[in-house]
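Participant: One structure coming up, written as structure tokens, with questions to follow.
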Amino acid sequence: MSAAEEVVAEGHQAVEAVPKRAMTLGTGTSLVVLAALLIVPLLVKNFIIFQMTMLLIYGLAVLALNILTGGSGQFSLGQSAFYAVGAYTSAVLMEHANLNYALTLPISAVVCFGFGYLFGKPALRLSGVYLALATFALATAMPQLLKLNFLEHWTGGVQGLVVTKPDAPFGLPMSQDTWLYYFTLLVTVAIYIFAVNLLRSRSGRAFMAIRDNEIAASAMGVDVARYKTLAFGVSAAVTGIAGSLGAIAVQFVAPDSYTITLAISLFLGMVVGGVGWLPGSFVGAAFIIFVPNMAESISKGLSGAVFGVLLFLVIYLVPHGARQIAILGQQLVGKLRKN
């Protein structure tokens, strides 16, 4: 009996890894969703297009958290810090260095990857609630760090920076909001494909082995420290790209835009969408964008209470998030086909 088998035999029962197909939608469904995302902006107003752009951006940030938590099993309440670093990196490069907005995205990814990797190193000694508290401290401190005097020339201090929204290239006949939406959609599709392939790769299997049973993974030869920090770095890089796109879409960055509230919202989006189910990241993003507006339309004075009730109902009725609804839908379709 191998060392890994002995660990499991002693009672450390591993959680079954997410099947490959369970992480994504089917090919046909994915193409239908993509076609809808391509067509809808041609039929709606600019404000709706802006909201759809923000849905894709927050979906990327939730996807990054899903790679970290759903993939490697590490909890983080500090994603708003990486989001802020990405947003400020693009804003500073665009406004002070006159760099093209598209070129700022890979730079933000590299900067945030390094930031996340370095933060993941000392965090190796922590796990569970203690790791969550450490990342919570990072998210709490980030807005104050961005207000420091010696950074004010670059960051704008408390007042922040105004970011110029790009025009459509090559004279394309579309508004700034429409072009930015399609640009964001292109980036989102590319990162989504990257995330799927990552979790299906050798590194992804190492992530999930650590998530299921860290002791057994180590016994099977997985470099736990290396892959834990790699997961933090990749998650931070994707979140940084989302932050860059968010800064361009909103046309403004300020320290108070990236508080712990944003980090909690992203974590909430992951839970509602389904931990470990990548398409659910965008369902969760839709929840954190549209449901607060719905709650405010029901009662402006008690919007927070209404949102809390709606959230409670979702968690109570669908404890495993949107992934559970998708599974039930697949089962229903399967029964209908048999009949």
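Residues in the structure tokens are numbered from 1 in each chain, the chains being A, B, ... in the order shown, and ligands are numbered from 1 in the order shown.
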Pick out each residue of segment 183-300 of chain A that DSSP on the backbone tags as helix (DSSP H, G or I); I need them as an NGL selection string.
Facilitator: :A and (183-200 or 202-212 or 214-219 or 224-250 or 255-257 or 260-273 or 280-298)
Participant: Just want the 10 Å neighbourhood of Arg226 of chain A, counted on only C-alpha atoms, with same-chain residues fewer than 4 positions away dropped. Output as a VMD selection string.
Facilitator: chain A and resid 117 120 to 121 124 222 230 to 231
Participant: Between segment 236-314 of chain A and segment 99-103 of chain A, at 9 Å or less, what are the per-residue closest atom pairs and their distances in Å? Count only C-alpha atoms, order by chain and rising residue number, and return it as a tab-separated table.
Facilitator:
```
residue	atom	partner	partner_atom	distance
A:Ser244	CA	A:Tyr101	CA	8.7
A:Leu245	CA	A:Tyr101	CA	8.9
A:Ile248	CA	A:Tyr101	CA	7.8
```
Participant: Find the residue from A:Gly233, A:Gly116, A:Pro255, A:Pro166 that sits nearest to Gln144 of chain A; use only C-alpha atoms when measuring.
Facilitator: A:Pro255
Participant: Output as CSV one row per residue of segment 107-183 of chain A within 6 Å of segment 76-80 of chain A: the closest atom pair and its distance in Å to one decimal place, counting only C-alpha atoms, sorted by chain and residue number ascending.
Facilitator:
```
residue,atom,partner,partner_atom,distance
A:Ala132,CA,A:Ser76,CA,5.1
A:Thr135,CA,A:Gly78,CA,4.4
A:Phe136,CA,A:Leu77,CA,4.9
A:Leu138,CA,A:Gly78,CA,5.8
A:Ala139,CA,A:Gly78,CA,4.5
```
Participant: Quick one: residues within 7 Å of segment 46-58 of chain A, only C-alpha atoms counted, chain neighbours fewer than 2 positions away excluded, as a list in words?
Facilitator: Pro41, Val44, Leu60, Ala61, Val62, Asp177, Thr178, Tyr181, Thr184, Leu185, Thr188, Ala242, Leu245, Gly246, Phe282, Ala285, Ala286 and Ile289 of chain A
Participant: At what distance in Å, to one decimal, does atom CA of Thr155 of chain A lie from atom CA of His96 of chain A?
Facilitator: 10.0 Å
Participant: Between A:Val253, A:Leu68, A:Leu131, A:Leu34, which has the minimum distance to Ser90 of chain A (counting only C-alpha atoms)?
Facilitator: A:Val253
Participant: So that I can see what lies close to segment 194-210 of chain A, please list as a PyMOL selection string the residues with an atom at most 6 Å from it, counting only C-alpha atoms and leaving out residues fewer than 6 positions away in the same chain.
Facilitator: chain A and resi 71-72+217
Participant: Got time to write the residues from that selection, N, CA and C atoms, as a tab-separated table (two decimals), in the first residue's frame?
Facilitator:
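That gives us again.tsv:
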```
chain	number	residue	atom	x	y	z
A	71	GLY	N	-10.27	25.65	-7.38
A	71	GLY	CA	-9.20	24.83	-7.93
A	71	GLY	C	-8.27	24.27	-6.88
A	72	SER	N	-7.68	25.15	-6.06
A	72	SER	CA	-6.68	24.70	-5.08
A	72	SER	C	-7.19	24.67	-3.65
A	217	ALA	N	-1.65	14.58	-1.42
A	217	ALA	CA	-1.00	15.18	-2.59
A	217	ALA	C	0.50	15.25	-2.40
```
Participant: Show which residues sit within 9 Å of Val162 of chain A, as an mmCIF file with all heavy atoms, in the first residue's frame. Count only C-alpha atoms, and ignore same-chain residues fewer than 5 positions away.
Facilitator:
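Printed below is selection-v8.cif as written:
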```cif
data_model
loop_
_atom_site.group_PDB
_atom_site.id
_atom_site.type_symbol
_atom_site.label_atom_id
_atom_site.label_comp_id
_atom_site.auth_asym_id
_atom_site.auth_seq_id
_atom_site.Cartn_x
_atom_site.Cartn_y
_atom_site.Cartn_z
ATOM 1 N N ALA A 91 -4.328 52.514 -15.213
ATOM 2 C CA ALA A 91 -4.616 53.950 -15.152
ATOM 3 C C ALA A 91 -3.337 54.773 -15.201
ATOM 4 O O ALA A 91 -3.246 55.762 -15.939
ATOM 5 C CB ALA A 91 -5.405 54.268 -13.880
ATOM 6 N N GLU A 95 -2.394 57.211 -18.356
ATOM 7 C CA GLU A 95 -2.453 58.656 -18.146
ATOM 8 C C GLU A 95 -1.079 59.301 -17.989
ATOM 9 O O GLU A 95 -0.899 60.461 -18.331
ATOM 10 C CB GLU A 95 -3.312 58.959 -16.907
ATOM 11 C CG GLU A 95 -4.747 58.479 -17.042
ATOM 12 C CD GLU A 95 -5.423 58.997 -18.297
ATOM 13 O OE1 GLU A 95 -5.320 60.209 -18.592
ATOM 14 O OE2 GLU A 95 -6.047 58.180 -19.008
ATOM 15 N N ALA A 247 -11.217 49.652 -14.734
ATOM 16 C CA ALA A 247 -10.783 51.053 -14.716
ATOM 17 C C ALA A 247 -11.078 51.738 -16.041
ATOM 18 O O ALA A 247 -11.515 52.892 -16.081
ATOM 19 C CB ALA A 247 -9.287 51.120 -14.412
ATOM 20 N N GLN A 251 -13.815 54.577 -16.264
ATOM 21 C CA GLN A 251 -13.079 55.806 -16.574
ATOM 22 C C GLN A 251 -12.603 56.546 -15.317
ATOM 23 O O GLN A 251 -12.378 57.751 -15.354
ATOM 24 C CB GLN A 251 -13.932 56.766 -17.424
ATOM 25 C CG GLN A 251 -14.305 56.234 -18.786
ATOM 26 C CD GLN A 251 -15.129 57.227 -19.575
ATOM 27 O OE1 GLN A 251 -16.361 57.186 -19.551
ATOM 28 N NE2 GLN A 251 -14.453 58.140 -20.268
ATOM 29 N N PHE A 252 -12.430 55.807 -14.227
ATOM 30 C CA PHE A 252 -12.011 56.462 -12.987
ATOM 31 C C PHE A 252 -11.502 55.413 -12.014
ATOM 32 O O PHE A 252 -12.050 54.309 -11.934
ATOM 33 C CB PHE A 252 -13.193 57.216 -12.367
ATOM 34 C CG PHE A 252 -12.849 57.967 -11.101
ATOM 35 C CD1 PHE A 252 -12.034 59.091 -11.149
ATOM 36 C CD2 PHE A 252 -13.335 57.546 -9.883
ATOM 37 C CE1 PHE A 252 -11.719 59.778 -9.982
ATOM 38 C CE2 PHE A 252 -13.032 58.222 -8.717
ATOM 39 C CZ PHE A 252 -12.225 59.345 -8.771
ATOM 40 N N VAL A 253 -10.431 55.756 -11.300
ATOM 41 C CA VAL A 253 -9.938 54.910 -10.216
ATOM 42 C C VAL A 253 -9.742 55.776 -8.980
ATOM 43 O O VAL A 253 -9.278 56.913 -9.068
ATOM 44 C CB VAL A 253 -8.609 54.213 -10.585
ATOM 45 C CG1 VAL A 253 -8.812 53.192 -11.688
ATOM 46 C CG2 VAL A 253 -7.534 55.213 -10.982
ATOM 47 N N ALA A 254 -10.125 55.248 -7.832
ATOM 48 C CA ALA A 254 -9.954 55.934 -6.551
ATOM 49 C C ALA A 254 -9.829 54.875 -5.470
ATOM 50 O O ALA A 254 -10.441 53.794 -5.584
ATOM 51 C CB ALA A 254 -11.133 56.867 -6.257
#
```
Participant: When distances are computed from only C-alpha atoms, which of A:Ile191, A:Val271, A:Leu105, A:Leu38 shows the smallest separation from Ser235 of chain A?
Facilitator: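 Among the listed residues, A:Ile191 lies closest to Ser235 of chain A.
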Participant: When distances are computed from only C-alpha atoms, which of A:Ser175, A:Thr69, A:Asn213, A:Thr140 shows the smallest separation from Met270 of chain A?
Facilitator: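 Nearest to Met270 of chain A: A:Thr69.
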Participant: Given only C-alpha atoms as the basis, pick out the residue of A:Ala123, A:Glu296, A:Pro143, A:Gly273 nearest to Val318 of chain A.
Facilitator: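 Between A:Ala123, A:Glu296, A:Pro143, A:Gly273, the residue approaching Val318 of chain A most closely is A:Gly273.
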Participant: Restricting the calculation to only C-alpha atoms, which member of A:Val158, A:Val291, A:Arg125, A:Gly59 is positioned closest to Ser303 of chain A?
Facilitator: A:Val291
Participant: One number please: atom CA of Phe75 of chain A to atom CA of Thr259 of chain A, in Å, one decimal.
Facilitator: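 Separating atom CA of Phe75 of chain A from atom CA of Thr259 of chain A is a distance of 17.7 Å.
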Participant: In Å, how far is it from atom CA of Leu37 of chain A to atom CA of Ala295 of chain A?
Facilitator: 25.4 Å
